[in-house]
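This report concerns only the one structure given below.
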Amino acid sequence: MPHSFGLRARTRHMFSRNFREHGAIPLSTYLKTYKVGDIVDIKANAAVQKGMPHKFYHGRTGVVYNVTKSAVGVIVNKRVGNRYIEKRVNIRIEHIKHSKCRQEFLERVKENAAKKAAAKAAGVYVNTKRIPAQPRGARHVSTKGNIPQTIAPVPYETLL
């Protein structure tokens with residue numbers, strides 16, 4: 001039997017509610033404020049069919065460009081062939097949430113500003129760049145009172 005090509009085709013698990021998260025939508029979803037320029041994650045909530053994004057945009061991240069009473073406009077980059085098209089999608093607030101992708105960056109900016117202020121007061125230079133994990137330091141093992149031992153494998157024995 002041929003499969004269907006509807007708007008919600010192949011979304012059985014994508015649009016299902018999570019375990020122990022069924023039922024009424026929490027009020028905190030409606031009390032969040034969205035501003036133009038905010039980065040948001042799109043995650044469709046199947047309990048609300050109005051203003052639901054197309055399945056392509058589920059799990060995508062975009063930037064808010066318009067805010068209305070009960071919905072927001074989001075700009076999402078969509079790859080079509082060998083180029084990216086800027087798509088403008090209007091989605092109700094039940095289907096979006098603030099993204100945490102910039103949270104670590106903003107925390108690092110605050111920490112670096114505090115470090116620079118402290119270094120300026122002390123009159124020293126501080127490096128605020130991220131440094132990748134370095135190789136472990138060298139170690140010296142002394143053989144004094146620690147004679148090397150020769151290790152040999154234990155022969156295999158059957159228990160039958």
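Going by the structure tokens order, chains are called A, B, ..., each with residues numbered from 1, while ligands are numbered from 1 in the order shown.
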
DSSP alpha helix (DSSP H) residues within segment 6-137 of chain A, as an MDAnalysis selection string: chainID A and resid 28:31 103:122

Filtering to N, CA, C and O atoms, could you give me those residues as a compact mmCIF listing (two decimals), in the first residue's frame?
```
# COMPACT_ATOMS: atom_id res chain seq x y z
N SER A 28 3.43 28.71 32.44
CA SER A 28 4.73 29.36 32.21
C SER A 28 5.04 29.47 30.72
O SER A 28 5.77 30.37 30.30
N THR A 29 4.45 28.58 29.92
CA THR A 29 4.64 28.65 28.47
C THR A 29 4.08 29.96 27.92
O THR A 29 4.68 30.57 27.03
N TYR A 30 2.96 30.40 28.47
CA TYR A 30 2.30 31.60 27.97
C TYR A 30 2.84 32.88 28.61
O TYR A 30 2.59 33.97 28.12
N LEU A 31 3.54 32.75 29.73
CA LEU A 31 4.02 33.94 30.45
C LEU A 31 5.42 34.37 30.02
O LEU A 31 5.91 35.38 30.51
N GLN A 103 23.81 30.77 25.87
CA GLN A 103 23.91 30.95 27.32
C GLN A 103 25.36 30.83 27.79
O GLN A 103 25.84 31.67 28.56
N GLU A 104 26.08 29.81 27.32
CA GLU A 104 27.46 29.61 27.71
C GLU A 104 28.33 30.79 27.26
O GLU A 104 29.19 31.26 28.00
N PHE A 105 28.06 31.28 26.05
CA PHE A 105 28.81 32.41 25.53
C PHE A 105 28.60 33.66 26.37
O PHE A 105 29.56 34.36 26.73
N LEU A 106 27.35 33.95 26.73
CA LEU A 106 27.06 35.14 27.53
C LEU A 106 27.67 35.04 28.92
O LEU A 106 28.17 36.04 29.47
N GLU A 107 27.66 33.84 29.51
CA GLU A 107 28.30 33.65 30.82
C GLU A 107 29.81 33.89 30.71
O GLU A 107 30.42 34.50 31.59
N ARG A 108 30.41 33.41 29.62
CA ARG A 108 31.84 33.60 29.42
C ARG A 108 32.19 35.08 29.24
O ARG A 108 33.23 35.54 29.72
N VAL A 109 31.32 35.82 28.56
CA VAL A 109 31.54 37.26 28.38
C VAL A 109 31.56 37.97 29.74
O VAL A 109 32.44 38.80 30.01
N LYS A 110 30.62 37.61 30.62
CA LYS A 110 30.56 38.23 31.95
C LYS A 110 31.80 37.87 32.77
O LYS A 110 32.38 38.73 33.45
N GLU A 111 32.20 36.58 32.73
CA GLU A 111 33.39 36.16 33.47
C GLU A 111 34.63 36.88 32.97
O GLU A 111 35.47 37.31 33.77
N ASN A 112 34.77 37.00 31.65
CA ASN A 112 35.94 37.68 31.08
C ASN A 112 35.97 39.15 31.46
O ASN A 112 37.04 39.71 31.72
N ALA A 113 34.79 39.80 31.48
CA ALA A 113 34.74 41.21 31.87
C ALA A 113 35.19 41.37 33.32
O ALA A 113 35.94 42.31 33.65
N ALA A 114 34.75 40.45 34.19
CA ALA A 114 35.16 40.51 35.60
C ALA A 114 36.66 40.26 35.74
O ALA A 114 37.35 40.95 36.51
N LYS A 115 37.18 39.30 34.98
CA LYS A 115 38.63 39.01 35.02
C LYS A 115 39.44 40.21 34.55
O LYS A 115 40.47 40.55 35.14
N LYS A 116 38.99 40.86 33.47
CA LYS A 116 39.71 42.03 32.94
C LYS A 116 39.70 43.18 33.93
O LYS A 116 40.69 43.88 34.10
N ALA A 117 38.55 43.39 34.59
CA ALA A 117 38.45 44.47 35.57
C ALA A 117 39.40 44.21 36.75
O ALA A 117 40.09 45.12 37.21
N ALA A 118 39.45 42.95 37.22
CA ALA A 118 40.34 42.60 38.32
C ALA A 118 41.81 42.74 37.91
O ALA A 118 42.64 43.21 38.68
N ALA A 119 42.12 42.33 36.68
CA ALA A 119 43.50 42.42 36.19
C ALA A 119 43.93 43.87 36.00
O ALA A 119 45.08 44.23 36.27
N LYS A 120 43.01 44.71 35.56
CA LYS A 120 43.33 46.13 35.36
C LYS A 120 43.60 46.80 36.71
O LYS A 120 44.51 47.63 36.82
N ALA A 121 42.81 46.41 37.72
CA ALA A 121 43.03 46.97 39.06
C ALA A 121 44.37 46.51 39.62
O ALA A 121 45.06 47.28 40.30
N ALA A 122 44.76 45.26 39.32
CA ALA A 122 46.03 44.73 39.82
C ALA A 122 47.20 45.14 38.92
O ALA A 122 48.35 44.99 39.32
```

Go through segment 81-157 of chain A and flag each residue having an atom no more than 8 Å from segment 35-44 of chain A; for those, report the closest pair of atoms plus their distance in Å to one decimal, using only C-alpha atoms, ordered by chain and rising number, as a Markdown table.
```
| residue | atom | partner | partner_atom | distance |
| --- | --- | --- | --- | --- |
| A:Glu94 | CA | A:Ala44 | CA | 7.6 |
| A:His95 | CA | A:Ala44 | CA | 4.5 |
| A:Ile96 | CA | A:Ile42 | CA | 4.6 |
| A:Lys97 | CA | A:Asp41 | CA | 5.5 |
| A:His98 | CA | A:Val40 | CA | 4.5 |
| A:Ser99 | CA | A:Val40 | CA | 4.6 |
```

Contacts of Val76 of chain A at 7 Å (only C-alpha atoms; same-chain gap of 5+ positions) as a ChimeraX atom specification: /A:61-63,86-88

Filtered DSSP result for segment 2-148 of chain A, state strand (DSSP E), as a ChimeraX atom specification: /A:39-42,61-67,71-80,83-92,96-98

Long-range neighbours of Leu7 of chain A as a short mmCIF file (atom, residue, chain, number, x, y, z; two decimals) with N, CA and C atoms, in the first residue's frame, 10 Å cut-off, only C-alpha atoms, 3 positions minimum in chain:
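Output below, filename selection22.cif:
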```cif
data_model
loop_
_atom_site.label_atom_id
_atom_site.label_comp_id
_atom_site.auth_asym_id
_atom_site.auth_seq_id
_atom_site.Cartn_x
_atom_site.Cartn_y
_atom_site.Cartn_z
N SER A 4 1.32 7.88 2.48
CA SER A 4 0.70 9.18 2.21
C SER A 4 1.76 10.28 2.20
N ARG A 10 4.46 10.80 8.50
CA ARG A 10 5.69 10.32 9.16
C ARG A 10 6.06 11.17 10.38
N THR A 11 5.08 11.57 11.16
CA THR A 11 5.37 12.37 12.37
C THR A 11 4.85 11.66 13.62
N HIS A 54 5.41 23.45 10.21
CA HIS A 54 5.55 22.26 9.37
C HIS A 54 6.61 21.36 9.96
N LYS A 55 6.51 20.07 9.69
CA LYS A 55 7.42 19.09 10.30
C LYS A 55 8.88 19.37 9.98
N PHE A 56 9.17 20.06 8.88
CA PHE A 56 10.56 20.38 8.54
C PHE A 56 11.21 21.26 9.60
#
```

Shell of 7 Å around segment 16-24 of chain A, only C-alpha atoms, local chain residues under 3 positions omitted, as a PyMOL selection string: chain A and resi 12-13+46

Counting only C-alpha atoms, the option among A:Arg83, A:Ile93, A:Arg130, A:Lys78 closest to Ile25 of chain A: A:Ile93
